[in-house]
Amino acid sequence: MSTMQILGILRLYKVDVLLLALGVTLVTSLLKKTVLKNVSKKVYVLLPFLIGMIVFGGYYAITAQNALSLENVSTIAEGGFACGSVATLYYVTYEQFFRKGKKIANPFLPLLEGYIPEQKMEEAAKALLLTSNSASKEELLDALQKTLLQYVPESTTETELSALAFTVAEYAKTLRAEQ
């Protein structure tokens with residue numbers, strides 16, 4: 001999801017739901033890391049919605065002072081579901097944009113699909129990354145081609161190898177420019 005899509009979704013909810021959902025997100029994260037860390041991953045999907053129902057039910061009971069009547073069950077269910085939805089959205093946003101310390105995938109892996117056998121792809125991507133970082137601009141293409149030659153199947157033609165090496169070299173140049 002892009003930032004604009006997330007902001008567009010958040011516009012649909014009222015301020016009270018947004019604030020309660022923040023609390024639901026924090027409580028859910030705390031429970032995941034402590035009491036419920038050995039529970040099935042399927043429970044984690046439902047957890048924000050269950051906690052959202054409880055939190056919104058308590059909030060509604062305090063603010064409406066008549067919240068426990070049967071007439072208000074649908075309002076509580078709707079608000080609780082909204083809290084769970086926004087809490088899930090907060091968590092996804094955090095994971096996508098703010099979480100640090102995740103292992104970053106090797107940038108060359110997608111380029112190697114279909115050329116290098118799957119069991120060698122990780123090793124080849126690491127070797128290409130090392131080669132691209134250590135080779136000068138002038139010798140980059142040749143160095144990458146020599147590295148790729150160690151990992152491609154014997155049936156790979158010279159043209160395919162050259163094309164792959166050129167693609168990887170251009171991508172490596174782009175990575176260097178970004179740094």
# chains A, B, ... in the order shown; residues from 1 in each chain; ligands from 1
call {"tool": "select_by_dssp", "arguments": {"residues": "chain A", "states": "alpha helix (DSSP H)", "output": "ChimeraX atom specification"}}
result
/A:3-10,15-33,41-64,73-93,109-112,118-134,140-149,158-178
call {"tool": "closest_residue", "arguments": {"among": "A:Ile76, A:Ser29, A:Leu109, A:Asn133", "to": "A:Ala61", "atoms": "only C-alpha atoms"}}
result
A:Ile76
call {"tool": "closest_residue", "arguments": {"among": "A:Val168, A:Ile116, A:Leu50, A:Ala82", "to": "A:Tyr13", "atoms": "only C-alpha atoms"}}
result
A:Ala82
call {"tool": "residues_around", "arguments": {"residues": "A:Thr28", "least_positions_apart": "3", "cutoff": "7 Å", "atoms": "only C-alpha atoms", "output": "JSON, numbers by chain"}}
result
{"A": [24, 25, 31, 32, 47, 48]}
call {"tool": "write_last_selection", "arguments": {"atoms": "N, CA, C and O atoms", "output": "tab-separated table (two decimals), in the first residue's frame"}}
result
chain	number	residue	atom	x	y	z
A	24	VAL	N	-5.39	-0.25	20.71
A	24	VAL	CA	-5.59	-1.65	20.35
A	24	VAL	C	-4.30	-2.21	19.73
A	24	VAL	O	-3.89	-3.33	20.02
A	25	THR	N	-3.67	-1.42	18.88
A	25	THR	CA	-2.41	-1.86	18.25
A	25	THR	C	-1.35	-2.12	19.30
A	25	THR	O	-0.64	-3.13	19.24
A	31	LEU	N	0.61	-8.21	23.73
A	31	LEU	CA	0.15	-9.59	23.94
A	31	LEU	C	0.89	-10.58	23.04
A	31	LEU	O	1.21	-11.70	23.46
A	32	LYS	N	1.18	-10.18	21.82
A	32	LYS	CA	1.91	-11.05	20.90
A	32	LYS	C	3.30	-11.36	21.42
A	32	LYS	O	3.83	-12.46	21.21
A	47	LEU	N	-6.99	-11.23	16.65
A	47	LEU	CA	-6.73	-10.54	17.91
A	47	LEU	C	-7.07	-9.05	17.90
A	47	LEU	O	-7.76	-8.57	18.81
A	48	PRO	N	-6.67	-8.26	16.89
A	48	PRO	CA	-7.02	-6.84	16.91
A	48	PRO	C	-8.52	-6.59	16.88
A	48	PRO	O	-9.01	-5.64	17.48
call {"tool": "closest_residue", "arguments": {"among": "A:Ala64, A:Ala172, A:Val27, A:Leu22", "to": "A:Leu141", "atoms": "only C-alpha atoms"}}
result
A:Ala172
call {"tool": "atom_distance", "arguments": {"atom1": "atom CA of A:Leu19", "atom2": "atom CA of A:Lys42"}}
result
25.3 Å
call {"tool": "residues_around", "arguments": {"residues": "stretch 53-55 of chain A", "least_positions_apart": "2", "cutoff": "9 Å", "atoms": "only C-alpha atoms", "output": "list in words"}}
result
Leu20, Ala21, Gly23, Val24, Pro48, Phe49, Leu50, Ile51, Gly57, Gly58, Tyr59, Tyr60, Ile76, Ala77, Glu78, Gly79, Gly80, Phe81, Ala82, Cys83 and Gly84 of chain A
call {"tool": "residues_around", "arguments": {"residues": "stretch 151-156 of chain A", "least_positions_apart": "6", "cutoff": "12 Å", "atoms": "only C-alpha atoms", "output": "list in words"}}
result
Leu112, Glu113, Gly114, Tyr115, Ile116, Pro117, Glu118, Gln119, Lys120, Met121, Glu122, Glu123, Ala124, Ala125, Lys126, Ala127, Leu128, Leu144, Gln145, Ser162, Ala163, Leu164 and Ala165 of chain A
call {"tool": "atom_distance", "arguments": {"atom1": "atom CA of A:Glu158", "atom2": "atom CA of A:Lys173"}}
result
22.2 Å
call {"tool": "atom_distance", "arguments": {"atom1": "atom CA of A:Pro107", "atom2": "atom CA of A:Ser132"}}
result
11.5 Å
